[in-house]
$ cat work24.pdb   # PDB, C-alpha atoms
ATOM      1  CA  GLU A 281     -44.571 -33.971-106.107
ATOM      2  CA  SER A 282     -41.091 -33.795-104.546
ATOM      3  CA  LEU A 283     -39.173 -33.753-107.827
ATOM      4  CA  GLU A 284     -37.306 -30.469-108.301
ATOM      5  CA  GLU A 285     -35.606 -31.476-111.561
ATOM      6  CA  ILE A 286     -36.843 -33.505-114.503
ATOM      7  CA  ILE A 287     -34.582 -34.184-117.484
ATOM      8  CA  LEU A 288     -36.551 -35.068-120.592
ATOM      9  CA  PRO A 289     -35.057 -37.307-123.319
ATOM     10  CA  GLN A 290     -33.840 -35.615-126.493
ATOM     11  CA  SER A 291     -35.973 -38.045-128.512
ATOM     12  CA  LEU A 292     -39.213 -36.688-126.992
ATOM     13  CA  GLU A 293     -41.685 -35.222-129.514
ATOM     14  CA  VAL A 294     -45.001 -34.888-127.646
ATOM     15  CA  LEU A 295     -45.688 -33.851-124.072
ATOM     16  CA  GLY A 296     -49.018 -35.545-123.481
ATOM     17  CA  ASP A 297     -52.180 -34.629-121.583
ATOM     18  CA  SER A 298     -51.393 -33.868-117.935
ATOM     19  CA  ALA A 299     -47.883 -35.289-118.392
ATOM     20  CA  MET A 300     -46.413 -33.217-115.582
ATOM     21  CA  GLU A 301     -49.562 -32.035-113.907
ATOM     22  CA  GLY A 302     -48.929 -31.568-110.214
ATOM     23  CA  ALA A 303     -45.133 -31.614-110.356
ATOM     24  CA  THR A 304     -45.405 -28.931-107.724
ATOM     25  CA  ALA A 305     -41.739 -28.896-106.634
ATOM     26  CA  LEU A 306     -40.294 -28.607-110.157
ATOM     27  CA  LYS A 307     -38.128 -25.462-110.365
ATOM     28  CA  GLU A 308     -37.198 -25.292-114.041
ATOM     29  CA  LEU A 309     -37.728 -27.258-117.220
ATOM     30  CA  VAL A 310     -35.942 -27.507-120.542
ATOM     31  CA  LEU A 311     -38.072 -28.820-123.403
ATOM     32  CA  PRO A 312     -35.963 -30.874-125.833
ATOM     33  CA  ALA A 313     -35.545 -29.379-129.286
ATOM     34  CA  GLY A 314     -37.624 -32.139-130.915
ATOM     35  CA  VAL A 315     -40.816 -31.477-128.939
ATOM     36  CA  HIS A 316     -43.447 -30.243-131.405
ATOM     37  CA  THR A 317     -46.691 -30.690-129.416
ATOM     38  CA  LEU A 318     -47.745 -29.661-125.909
ATOM     39  CA  GLU A 319     -51.114 -31.185-125.099
ATOM     40  CA  TYR A 320     -53.866 -30.220-122.654
ATOM     41  CA  ASP A 321     -52.671 -29.559-119.077
ATOM     42  CA  SER A 322     -49.222 -30.926-119.950
ATOM     43  CA  LEU A 323     -47.564 -28.579-117.429
ATOM     44  CA  TYR A 324     -50.631 -27.741-115.365
ATOM     45  CA  ASN A 325     -50.005 -26.726-111.748
ATOM     46  CA  CYS A 326     -46.213 -26.828-111.917
ATOM     47  CA  LYS A 327     -46.597 -24.095-109.356
ATOM     48  CA  SER A 328     -42.924 -23.805-108.313
ATOM     49  CA  MET A 329     -41.504 -23.632-111.837
ATOM     50  CA  THR A 330     -39.750 -20.294-112.360
ATOM     51  CA  SER A 331     -38.001 -20.936-115.700
ATOM     52  CA  LEU A 332     -39.079 -22.691-118.897
ATOM     53  CA  THR A 333     -36.880 -23.201-121.952
ATOM     54  CA  MET A 334     -38.908 -23.553-125.139
ATOM     55  CA  SER A 335     -38.605 -26.253-127.753
ATOM     56  CA  GLU A 336     -37.377 -25.267-131.204
ATOM     57  CA  ASN A 337     -40.123 -27.134-133.093
ATOM     58  CA  LEU A 338     -43.345 -25.630-131.770
ATOM     59  CA  SER A 339     -45.735 -24.242-134.364
ATOM     60  CA  GLU A 340     -49.108 -22.531-134.485
ATOM     61  CA  GLY A 341     -51.805 -24.910-133.275
ATOM     62  CA  SER A 342     -49.368 -27.317-131.615
ATOM     63  CA  VAL A 343     -49.721 -25.887-128.090
ATOM     64  CA  ASN A 344     -52.892 -26.290-126.033
ATOM     65  CA  ASN A 345     -54.148 -23.054-124.522
ATOM     66  CA  ASN A 346     -54.286 -24.481-120.990
ATOM     67  CA  MET A 347     -50.909 -26.208-120.896
ATOM     68  CA  LEU A 348     -49.438 -23.593-118.494
ATOM     69  CA  GLY A 349     -52.477 -23.320-116.252
ATOM     70  CA  SER A 350     -51.675 -22.448-112.614
ATOM     71  CA  CYS A 351     -47.944 -22.066-113.349
ATOM     72  CA  ASN A 352     -48.045 -18.858-111.360
ATOM     73  CA  ALA A 353     -44.348 -18.773-110.370
ATOM     74  CA  LEU A 354     -43.137 -18.842-113.973
ATOM     75  CA  THR A 355     -41.174 -15.615-114.411
ATOM     76  CA  THR A 356     -38.649 -16.431-117.162
ATOM     77  CA  ILE A 357     -39.173 -17.895-120.614
ATOM     78  CA  ILE A 358     -35.986 -18.803-122.465
ATOM     79  CA  VAL A 359     -36.118 -18.771-126.268
ATOM     80  CA  PRO A 360     -33.298 -20.870-127.805
ATOM     81  CA  ALA A 361     -31.452 -19.849-130.959
ATOM     82  CA  GLY A 362     -33.418 -22.203-133.204
ATOM     83  CA  VAL A 363     -36.929 -21.087-132.181
ATOM     84  CA  GLN A 364     -38.941 -19.636-135.058
ATOM     85  CA  PHE A 365     -42.358 -19.437-133.370
ATOM     86  CA  VAL A 366     -43.390 -18.266-129.890
ATOM     87  CA  PRO A 367     -46.975 -19.399-129.090
ATOM     88  CA  GLU A 368     -49.397 -16.819-127.722
ATOM     89  CA  ASN A 369     -49.867 -18.603-124.401
ATOM     90  CA  PHE A 370     -46.117 -18.262-123.784
ATOM     91  CA  ALA A 371     -46.070 -14.621-124.872
ATOM     92  CA  GLN A 372     -49.149 -13.754-122.779
ATOM     93  CA  HIS A 373     -48.581 -15.855-119.653
ATOM     94  CA  GLY A 374     -49.582 -13.782-116.662
ATOM     95  CA  SER A 375     -46.614 -14.259-114.305
ATOM     96  CA  VAL A 376     -43.780 -13.799-116.822
ATOM     97  CA  LYS A 377     -41.360 -10.959-116.060
ATOM     98  CA  GLU A 378     -38.782 -11.534-118.774
ATOM     99  CA  PHE A 379     -38.078 -13.206-122.086
ATOM    100  CA  VAL A 380     -34.488 -14.289-122.674
ATOM    101  CA  VAL A 381     -33.602 -14.951-126.312
ATOM    102  CA  GLU A 382     -30.356 -16.828-126.817
ATOM    103  CA  GLU A 383     -27.714 -15.471-129.189
ATOM    104  CA  GLY A 384     -27.939 -16.587-132.785
ATOM    105  CA  ASN A 385     -31.737 -16.506-133.109
ATOM    106  CA  SER A 386     -32.620 -15.018-136.519
ATOM    107  CA  LYS A 387     -36.332 -14.464-135.754
ATOM    108  CA  TYR A 388     -36.431 -13.039-132.216
ATOM    109  CA  PHE A 389     -34.403 -10.991-129.773
ATOM    110  CA  SER A 390     -34.992  -9.560-126.319
ATOM    111  CA  GLN A 391     -34.122  -6.241-124.738
ATOM    112  CA  ASP A 392     -34.608  -5.601-121.018
ATOM    113  CA  GLY A 393     -36.799  -8.708-120.912
ATOM    114  CA  VAL A 394     -39.125  -7.532-123.709
ATOM    115  CA  LEU A 395     -39.671  -9.838-126.693
ATOM    116  CA  TYR A 396     -39.027  -8.398-130.160
ATOM    117  CA  GLY A 397     -38.969 -10.061-133.558
ATOM    118  CA  TYR A 398     -38.880  -9.502-137.297
ATOM    119  CA  ASP A 399     -41.584  -9.750-139.940
ATOM    120  CA  GLU A 400     -41.134 -11.420-143.318
ATOM    121  CA  GLU A 401     -39.511  -8.272-144.669
ATOM    122  CA  GLY A 402     -37.046  -8.124-141.792
ATOM    123  CA  ARG A 403     -38.734  -5.166-140.106
ATOM    124  CA  GLN A 404     -38.615  -4.912-136.308
ATOM    125  CA  ILE A 405     -41.747  -5.674-134.238
ATOM    126  CA  LEU A 406     -42.423  -5.475-130.516
ATOM    127  CA  ILE A 407     -44.141  -8.798-129.859
ATOM    128  CA  SER A 408     -44.686  -8.949-126.111
ATOM    129  CA  TYR A 409     -44.020  -6.782-123.095
ATOM    130  CA  PRO A 410     -44.009  -9.268-120.164
ATOM    131  CA  LYS A 411     -47.287  -9.234-118.286
ATOM    132  CA  ALA A 412     -45.723  -9.192-114.828
ATOM    133  CA  LYS A 413     -42.935  -6.713-115.584
ATOM    134  CA  GLU A 414     -43.184  -4.069-112.879
ATOM    135  CA  ASP A 415     -41.653  -1.003-114.574
ATOM    136  CA  THR A 416     -43.924   2.013-114.858
ATOM    137  CA  THR A 417     -42.194   3.530-117.912
ATOM    138  CA  TYR A 418     -40.915   1.860-121.059
ATOM    139  CA  THR A 419     -39.204   3.242-124.164
ATOM    140  CA  VAL A 420     -39.805   1.159-127.283
ATOM    141  CA  LEU A 421     -36.617   0.463-129.208
ATOM    142  CA  GLU A 422     -35.635   2.693-132.104
ATOM    143  CA  GLY A 423     -36.241   0.950-135.406
ATOM    144  CA  THR A 424     -39.509  -0.654-134.276
ATOM    145  CA  VAL A 425     -42.158  -0.292-136.991
ATOM    146  CA  GLU A 426     -44.982  -2.276-135.381
ATOM    147  CA  ILE A 427     -46.583  -2.904-132.004
ATOM    148  CA  GLY A 428     -47.863  -6.465-132.290
ATOM    149  CA  GLN A 429     -51.334  -7.749-131.459
ATOM    150  CA  ASP A 430     -51.826  -7.923-127.662
ATOM    151  CA  ALA A 431     -48.242  -6.714-127.133
ATOM    152  CA  PHE A 432     -49.156  -4.616-124.080
ATOM    153  CA  ARG A 433     -52.661  -5.953-123.434
ATOM    154  CA  SER A 434     -53.590  -5.917-119.721
ATOM    155  CA  ARG A 435     -50.146  -4.804-118.542
ATOM    156  CA  GLU A 436     -51.230  -3.324-115.259
ATOM    157  CA  SER A 437     -48.085  -1.522-114.064
ATOM    158  CA  ILE A 438     -47.165   0.542-117.105
ATOM    159  CA  GLU A 439     -47.974   4.268-116.854
ATOM    160  CA  GLU A 440     -45.967   5.745-119.715
ATOM    161  CA  ILE A 441     -44.839   4.274-123.039
ATOM    162  CA  ILE A 442     -42.491   6.229-125.293
ATOM    163  CA  LEU A 443     -42.871   5.332-128.950
ATOM    164  CA  PRO A 444     -40.139   5.888-131.563
ATOM    165  CA  GLU A 445     -40.431   7.997-134.672
ATOM    166  CA  GLY A 446     -40.720   5.540-137.534
ATOM    167  CA  LEU A 447     -43.419   3.425-135.865
ATOM    168  CA  GLU A 448     -46.084   2.674-138.471
ATOM    169  CA  VAL A 449     -48.572   0.101-137.169
ATOM    170  CA  ILE A 450     -50.372  -0.605-133.896
ATOM    171  CA  ARG A 451     -52.122  -3.968-134.122
ATOM    172  CA  GLN A 452     -55.442  -5.041-132.617
ATOM    173  CA  ASP A 453     -55.515  -4.792-128.801
ATOM    174  CA  GLY A 454     -51.926  -3.589-128.859
ATOM    175  CA  PHE A 455     -52.436  -1.471-125.721
ATOM    176  CA  ALA A 456     -55.894  -2.679-124.645
ATOM    177  CA  TYR A 457     -56.689  -2.655-120.927
ATOM    178  CA  CYS A 458     -53.498  -0.843-119.913
ATOM    179  CA  LYS A 459     -55.540   0.673-117.120
ATOM    180  CA  ALA A 460     -52.636   2.531-115.498
ATOM    181  CA  LEU A 461     -51.376   4.015-118.776
ATOM    182  CA  LYS A 462     -51.570   7.799-118.512
ATOM    183  CA  LYS A 463     -49.132   9.185-121.049
ATOM    184  CA  MET A 464     -48.384   8.399-124.676
ATOM    185  CA  GLU A 465     -47.689  10.399-127.798
ATOM    186  CA  LEU A 466     -48.210   8.839-131.191
ATOM    187  CA  PRO A 467     -45.429   9.707-133.666
ATOM    188  CA  ALA A 468     -46.366  11.290-136.974
ATOM    189  CA  SER A 469     -45.107   8.187-138.769
ATOM    190  CA  VAL A 470     -48.051   6.043-137.572
ATOM    191  CA  THR A 471     -50.357   5.115-140.462
ATOM    192  CA  THR A 472     -52.430   2.227-139.082
ATOM    193  CA  ILE A 473     -54.234   1.749-135.754
ATOM    194  CA  GLU A 474     -56.237  -1.455-135.665
ATOM    195  CA  TYR A 475     -59.456  -2.358-133.860
ATOM    196  CA  ASP A 476     -59.537  -1.850-130.068
ATOM    197  CA  ALA A 477     -55.860  -0.875-129.959
ATOM    198  CA  PHE A 478     -56.521   1.345-126.924
ATOM    199  CA  TYR A 479     -59.714  -0.242-125.600
ATOM    200  CA  GLY A 480     -60.032  -0.070-121.816
ATOM    201  CA  CYS A 481     -57.159   2.407-121.310
ATOM    202  CA  SER A 482     -59.218   4.216-118.706
ATOM    203  CA  SER A 483     -56.440   6.492-117.375
ATOM    204  CA  ILE A 484     -55.711   8.190-120.714
ATOM    205  CA  THR A 485     -57.670  11.418-120.942
ATOM    206  CA  SER A 486     -56.554  12.484-124.420
ATOM    207  CA  LEU A 487     -54.637  11.033-127.332
ATOM    208  CA  ALA A 488     -53.820  12.914-130.516
ATOM    209  CA  ILE A 489     -54.196  10.803-133.659
ATOM    210  CA  PRO A 490     -51.689  11.744-136.401
ATOM    211  CA  LYS A 491     -53.096  12.919-139.729
ATOM    212  CA  SER A 492     -51.139  10.103-141.378
ATOM    213  CA  VAL A 493     -53.515   7.484-139.916
ATOM    214  CA  THR A 494     -55.911   6.138-142.544
TER     215      THR A 494
END
$ encode --input "work24.pdb" --output "structure tokens"
Amino acid sequence: ESLEEIILPQSLEVLGDSAMEGATALKELVLPAGVHTLEYDSLYNCKSMTSLTMSENLSEGSVNNNMLGSCNALTTIIVPAGVQFVPENFAQHGSVKEFVVEEGNSKYFSQDGVLYGYDEEGRQILISYPKAKEDTTYTVLEGTVEIGQDAFRSRESIEEIILPEGLEVIRQDGFAYCKALKKMELPASVTTIEYDAFYGCSSITSLAIPKSVT
């Protein structure tokens, strides 16, 4: 429990069940590039950890949903240059205030702590606005064509989001449960608004849907 630093071997591939559960003094952790699996409760209750550097080999289905349980001090997730997949439980972790993408990453980038990426056609997507980011207003970057699924879901501080002309798609639950959100204008370029995109946005009194939406 007193360990503040743990250096994992570069040969490590799997972080097993409850591997670091209860390492309550651990401040930061760097996952070696070769780690491809994070099992159940592998980092559970690392309650002092403020920074986590991702592995470059994680893939969909390789990260257990509860592996970051009770890591309530985790404010920074670092995405190395070789990362090609950010799991949902990293992107949606409740205490995160910023994503930091290292230079040279071809799939992701960050701006003001917000995680962006590119689709298969190289088009720009907003993937995740940090859940614990405290700003009340945010302007989505020019050139963004899509608000990703759950990108702003349950972000409790945000009151106004400014969307760029050229935005085309708002994915499922993109802005769901943004209970403080009061102001938003949808640009005329929007063509697709998926299921429950604005569900639970109880502070919005009106929202004009562009004629371009089908």
$ atom_distance --input "work24.pdb" --atom1 "atom CA of Ile405 of chain A" --atom2 "atom CA of Gly423 of chain A"
8.7 Å
$ atom_distance --input "work24.pdb" --atom1 "atom CA of Leu421 of chain A" --atom2 "atom CA of Phe379 of chain A"
15.5 Å
$ atom_distance --input "work24.pdb" --atom1 "atom CA of Leu283 of chain A" --atom2 "atom CA of Thr304 of chain A"
7.9 Å
$ residues_around --input "work24.pdb" --residues "Ser331 of chain A" --least-positions-apart "3" --cutoff "8 Å" --atoms "only C-alpha atoms" --output "PDB file with C-alpha atoms, in the coordinates of the input"
ATOM      1  CA  LYS A 307     -38.128 -25.462-110.365  1.00  0.00           C
ATOM      2  CA  GLU A 308     -37.198 -25.292-114.041  1.00  0.00           C
ATOM      3  CA  LEU A 309     -37.728 -27.258-117.220  1.00  0.00           C
ATOM      4  CA  LEU A 354     -43.137 -18.842-113.973  1.00  0.00           C
ATOM      5  CA  THR A 355     -41.174 -15.615-114.411  1.00  0.00           C
ATOM      6  CA  THR A 356     -38.649 -16.431-117.162  1.00  0.00           C
ATOM      7  CA  ILE A 357     -39.173 -17.895-120.614  1.00  0.00           C
ATOM      8  CA  ILE A 358     -35.986 -18.803-122.465  1.00  0.00           C
TER       9      ILE A 358
END
$ axis_aligned_box --input "work24.pdb" --around "segment 358-362 of chain A" --padding-each-side "3 Å" --output "AutoDock Vina command-line options"
--center_x -33.8 --center_y -20.5 --center_z -127.8 --size_x 10.7 --size_y 9.4 --size_z 16.7
$ closest_residue --input "work24.pdb" --among "A:Gly402, A:Gly393, A:Gly384, A:Pro490" --to "Glu414 of chain A" --atoms "only C-alpha atoms"
A:Gly393
$ residues_around --input "work24.pdb" --residues "Pro367 of chain A" --least-positions-apart "3" --cutoff "12 Å" --atoms "only C-alpha atoms" --output "CSV table (one decimal) with C-alpha atoms, in the coordinates of the input"
chain,number,residue,atom,x,y,z
A,316,HIS,CA,-43.4,-30.2,-131.4
A,317,THR,CA,-46.7,-30.7,-129.4
A,318,LEU,CA,-47.7,-29.7,-125.9
A,334,MET,CA,-38.9,-23.6,-125.1
A,335,SER,CA,-38.6,-26.3,-127.8
A,336,GLU,CA,-37.4,-25.3,-131.2
A,337,ASN,CA,-40.1,-27.1,-133.1
A,338,LEU,CA,-43.3,-25.6,-131.8
A,339,SER,CA,-45.7,-24.2,-134.4
A,340,GLU,CA,-49.1,-22.5,-134.5
A,341,GLY,CA,-51.8,-24.9,-133.3
A,342,SER,CA,-49.4,-27.3,-131.6
A,343,VAL,CA,-49.7,-25.9,-128.1
A,344,ASN,CA,-52.9,-26.3,-126.0
A,345,ASN,CA,-54.1,-23.1,-124.5
A,347,MET,CA,-50.9,-26.2,-120.9
A,348,LEU,CA,-49.4,-23.6,-118.5
A,357,ILE,CA,-39.2,-17.9,-120.6
A,359,VAL,CA,-36.1,-18.8,-126.3
A,363,VAL,CA,-36.9,-21.1,-132.2
A,364,GLN,CA,-38.9,-19.6,-135.1
A,370,PHE,CA,-46.1,-18.3,-123.8
A,371,ALA,CA,-46.1,-14.6,-124.9
A,372,GLN,CA,-49.1,-13.8,-122.8
A,373,HIS,CA,-48.6,-15.9,-119.7
A,407,ILE,CA,-44.1,-8.8,-129.9
A,408,SER,CA,-44.7,-8.9,-126.1
$ residues_around --input "work24.pdb" --residues "Ala303 of chain A" --least-positions-apart "4" --cutoff "12 Å" --atoms "only C-alpha atoms" --output "list in words"
Glu281, Ser282, Leu283, Glu284, Glu285, Ile286, Ser298, Ala299, Lys307, Glu308, Leu309, Asp321, Ser322, Leu323, Tyr324, Asn325, Cys326, Lys327, Ser328, Met329, Ser350 and Cys351 of chain A
$ resolve_selection --input "work24.pdb" --expression "the PyMOL selection byres ((chain A and resi 473) around 7)" --output "list in words"
Val449, Ile450, Arg451, Thr471, Thr472, Glu474, Tyr475 and Ala477 of chain A
$ residues_near_point --input "work24.pdb" --point "(-51.1, 6.0, -124.7)" --cutoff "7 Å" --atoms "only C-alpha atoms" --output "short mmCIF file (atom, residue, chain, number, x, y, z; two decimals) with C-alpha atoms, keeping the file's coordinate frame"
data_model
loop_
_atom_site.label_atom_id
_atom_site.label_comp_id
_atom_site.auth_asym_id
_atom_site.auth_seq_id
_atom_site.Cartn_x
_atom_site.Cartn_y
_atom_site.Cartn_z
CA ILE A 441 -44.84 4.27 -123.04
CA LEU A 461 -51.38 4.01 -118.78
CA LYS A 462 -51.57 7.80 -118.51
CA LYS A 463 -49.13 9.18 -121.05
CA MET A 464 -48.38 8.40 -124.68
CA GLU A 465 -47.69 10.40 -127.80
CA ILE A 484 -55.71 8.19 -120.71
CA LEU A 487 -54.64 11.03 -127.33
#
$ resolve_selection --input "work24.pdb" --expression "the PyMOL selection byres ((chain A and resi 444) around 7)" --output "ChimeraX atom specification"
/A:420-422,442-443,445-447,467
$ resolve_selection --input "work24.pdb" --expression "the PyMOL selection byres ((chain A and resi 431) around 8)" --output "PyMOL selection string"
chain A and resi 406-409+427-430+432-433+453-455
$ write_last_selection --input "work24.pdb" --atoms "C-alpha atoms" --output "PDB file, keeping the file's coordinate frame"
ATOM      1  CA  LEU A 406     -42.423  -5.475-130.516  1.00  0.00           C
ATOM      2  CA  ILE A 407     -44.141  -8.798-129.859  1.00  0.00           C
ATOM      3  CA  SER A 408     -44.686  -8.949-126.111  1.00  0.00           C
ATOM      4  CA  TYR A 409     -44.020  -6.782-123.095  1.00  0.00           C
ATOM      5  CA  ILE A 427     -46.583  -2.904-132.004  1.00  0.00           C
ATOM      6  CA  GLY A 428     -47.863  -6.465-132.290  1.00  0.00           C
ATOM      7  CA  GLN A 429     -51.334  -7.749-131.459  1.00  0.00           C
ATOM      8  CA  ASP A 430     -51.826  -7.923-127.662  1.00  0.00           C
ATOM      9  CA  PHE A 432     -49.156  -4.616-124.080  1.00  0.00           C
ATOM     10  CA  ARG A 433     -52.661  -5.953-123.434  1.00  0.00           C
ATOM     11  CA  ASP A 453     -55.515  -4.792-128.801  1.00  0.00           C
ATOM     12  CA  GLY A 454     -51.926  -3.589-128.859  1.00  0.00           C
ATOM     13  CA  PHE A 455     -52.436  -1.471-125.721  1.00  0.00           C
TER      14      PHE A 455
END
$ residues_around --input "work24.pdb" --residues "Arg435 of chain A" --least-positions-apart "2" --cutoff "8 Å" --atoms "all atoms listed in the file" --output "JSON, numbers by chain"
{"A": [409, 410, 411, 412, 432, 433, 437, 438, 457, 458, 459]}
$ write_last_selection --input "work24.pdb" --atoms "C-alpha atoms" --output "compact mmCIF listing (two decimals), keeping the file's coordinate frame"
# COMPACT_ATOMS: atom_id res chain seq x y z
CA TYR A 409 -44.02 -6.78 -123.10
CA PRO A 410 -44.01 -9.27 -120.16
CA LYS A 411 -47.29 -9.23 -118.29
CA ALA A 412 -45.72 -9.19 -114.83
CA PHE A 432 -49.16 -4.62 -124.08
CA ARG A 433 -52.66 -5.95 -123.43
CA SER A 437 -48.08 -1.52 -114.06
CA ILE A 438 -47.16 0.54 -117.10
CA TYR A 457 -56.69 -2.66 -120.93
CA CYS A 458 -53.50 -0.84 -119.91
CA LYS A 459 -55.54 0.67 -117.12
$ decode --input "work24.pdb" --residues "segment 384-392 of chain A" --atoms "all heavy atoms" --output "PDB file, in the first residue's frame"
ATOM      1  N   GLY A 384       3.183  12.570 -32.987  1.00  0.00           N
ATOM      2  CA  GLY A 384       3.481  11.453 -33.870  1.00  0.00           C
ATOM      3  C   GLY A 384       2.377  10.421 -33.974  1.00  0.00           C
ATOM      4  O   GLY A 384       2.465   9.492 -34.777  1.00  0.00           O
ATOM      5  N   ASN A 385       1.306  10.571 -33.178  1.00  0.00           N
ATOM      6  CA  ASN A 385       0.190   9.629 -33.258  1.00  0.00           C
ATOM      7  C   ASN A 385      -0.627   9.937 -34.516  1.00  0.00           C
ATOM      8  O   ASN A 385      -1.069  11.065 -34.718  1.00  0.00           O
ATOM      9  CB  ASN A 385      -0.690   9.730 -32.010  1.00  0.00           C
ATOM     10  CG  ASN A 385      -1.688   8.588 -31.910  1.00  0.00           C
ATOM     11  OD1 ASN A 385      -2.503   8.386 -32.796  1.00  0.00           O
ATOM     12  ND2 ASN A 385      -1.616   7.849 -30.823  1.00  0.00           N
ATOM     13  N   SER A 386      -0.841   8.919 -35.356  1.00  0.00           N
ATOM     14  CA  SER A 386      -1.540   9.108 -36.628  1.00  0.00           C
ATOM     15  C   SER A 386      -3.055   8.936 -36.504  1.00  0.00           C
ATOM     16  O   SER A 386      -3.797   9.266 -37.429  1.00  0.00           O
ATOM     17  CB  SER A 386      -1.008   8.122 -37.668  1.00  0.00           C
ATOM     18  OG  SER A 386      -1.236   6.771 -37.240  1.00  0.00           O
ATOM     19  N   LYS A 387      -3.526   8.428 -35.351  1.00  0.00           N
ATOM     20  CA  LYS A 387      -4.941   8.117 -35.171  1.00  0.00           C
ATOM     21  C   LYS A 387      -5.660   9.142 -34.286  1.00  0.00           C
ATOM     22  O   LYS A 387      -6.840   9.445 -34.488  1.00  0.00           O
ATOM     23  CB  LYS A 387      -5.074   6.728 -34.544  1.00  0.00           C
ATOM     24  CG  LYS A 387      -6.489   6.275 -34.226  1.00  0.00           C
ATOM     25  CD  LYS A 387      -7.292   5.948 -35.457  1.00  0.00           C
ATOM     26  CE  LYS A 387      -8.645   5.364 -35.084  1.00  0.00           C
ATOM     27  NZ  LYS A 387      -9.466   5.043 -36.262  1.00  0.00           N
ATOM     28  N   TYR A 388      -4.946   9.676 -33.291  1.00  0.00           N
ATOM     29  CA  TYR A 388      -5.561  10.558 -32.306  1.00  0.00           C
ATOM     30  C   TYR A 388      -4.761  11.842 -32.135  1.00  0.00           C
ATOM     31  O   TYR A 388      -3.571  11.900 -32.412  1.00  0.00           O
ATOM     32  CB  TYR A 388      -5.644   9.863 -30.933  1.00  0.00           C
ATOM     33  CG  TYR A 388      -6.470   8.606 -30.922  1.00  0.00           C
ATOM     34  CD1 TYR A 388      -5.869   7.349 -30.927  1.00  0.00           C
ATOM     35  CD2 TYR A 388      -7.861   8.666 -30.894  1.00  0.00           C
ATOM     36  CE1 TYR A 388      -6.625   6.184 -30.908  1.00  0.00           C
ATOM     37  CE2 TYR A 388      -8.627   7.508 -30.872  1.00  0.00           C
ATOM     38  CZ  TYR A 388      -8.006   6.277 -30.882  1.00  0.00           C
ATOM     39  OH  TYR A 388      -8.761   5.137 -30.882  1.00  0.00           O
ATOM     40  N   PHE A 389      -5.447  12.876 -31.634  1.00  0.00           N
ATOM     41  CA  PHE A 389      -4.763  14.069 -31.159  1.00  0.00           C
ATOM     42  C   PHE A 389      -5.634  14.706 -30.083  1.00  0.00           C
ATOM     43  O   PHE A 389      -6.824  14.381 -29.931  1.00  0.00           O
ATOM     44  CB  PHE A 389      -4.469  15.055 -32.303  1.00  0.00           C
ATOM     45  CG  PHE A 389      -5.674  15.752 -32.877  1.00  0.00           C
ATOM     46  CD1 PHE A 389      -6.045  17.016 -32.450  1.00  0.00           C
ATOM     47  CD2 PHE A 389      -6.434  15.137 -33.871  1.00  0.00           C
ATOM     48  CE1 PHE A 389      -7.154  17.664 -32.994  1.00  0.00           C
ATOM     49  CE2 PHE A 389      -7.543  15.770 -34.421  1.00  0.00           C
ATOM     50  CZ  PHE A 389      -7.903  17.039 -33.975  1.00  0.00           C
ATOM     51  N   SER A 390      -5.050  15.590 -29.301  1.00  0.00           N
ATOM     52  CA  SER A 390      -5.809  16.255 -28.252  1.00  0.00           C
ATOM     53  C   SER A 390      -5.662  17.765 -28.390  1.00  0.00           C
ATOM     54  O   SER A 390      -4.635  18.265 -28.859  1.00  0.00           O
ATOM     55  CB  SER A 390      -5.350  15.806 -26.856  1.00  0.00           C
ATOM     56  OG  SER A 390      -3.957  16.014 -26.682  1.00  0.00           O
ATOM     57  N   GLN A 391      -6.704  18.458 -27.978  1.00  0.00           N
ATOM     58  CA  GLN A 391      -6.710  19.914 -27.993  1.00  0.00           C
ATOM     59  C   GLN A 391      -7.413  20.374 -26.730  1.00  0.00           C
ATOM     60  O   GLN A 391      -8.556  19.997 -26.468  1.00  0.00           O
ATOM     61  CB  GLN A 391      -7.420  20.447 -29.246  1.00  0.00           C
ATOM     62  CG  GLN A 391      -7.362  21.950 -29.424  1.00  0.00           C
ATOM     63  CD  GLN A 391      -8.568  22.669 -28.840  1.00  0.00           C
ATOM     64  OE1 GLN A 391      -9.578  22.050 -28.528  1.00  0.00           O
ATOM     65  NE2 GLN A 391      -8.461  23.969 -28.678  1.00  0.00           N
ATOM     66  N   ASP A 392      -6.692  21.140 -25.895  1.00  0.00           N
ATOM     67  CA  ASP A 392      -7.239  21.619 -24.631  1.00  0.00           C
ATOM     68  C   ASP A 392      -7.777  20.459 -23.792  1.00  0.00           C
ATOM     69  O   ASP A 392      -8.804  20.579 -23.123  1.00  0.00           O
ATOM     70  CB  ASP A 392      -8.333  22.652 -24.897  1.00  0.00           C
ATOM     71  CG  ASP A 392      -8.721  23.426 -23.642  1.00  0.00           C
ATOM     72  OD1 ASP A 392      -7.887  23.516 -22.727  1.00  0.00           O
ATOM     73  OD2 ASP A 392      -9.860  23.928 -23.575  1.00  0.00           O
TER      74      ASP A 392
END
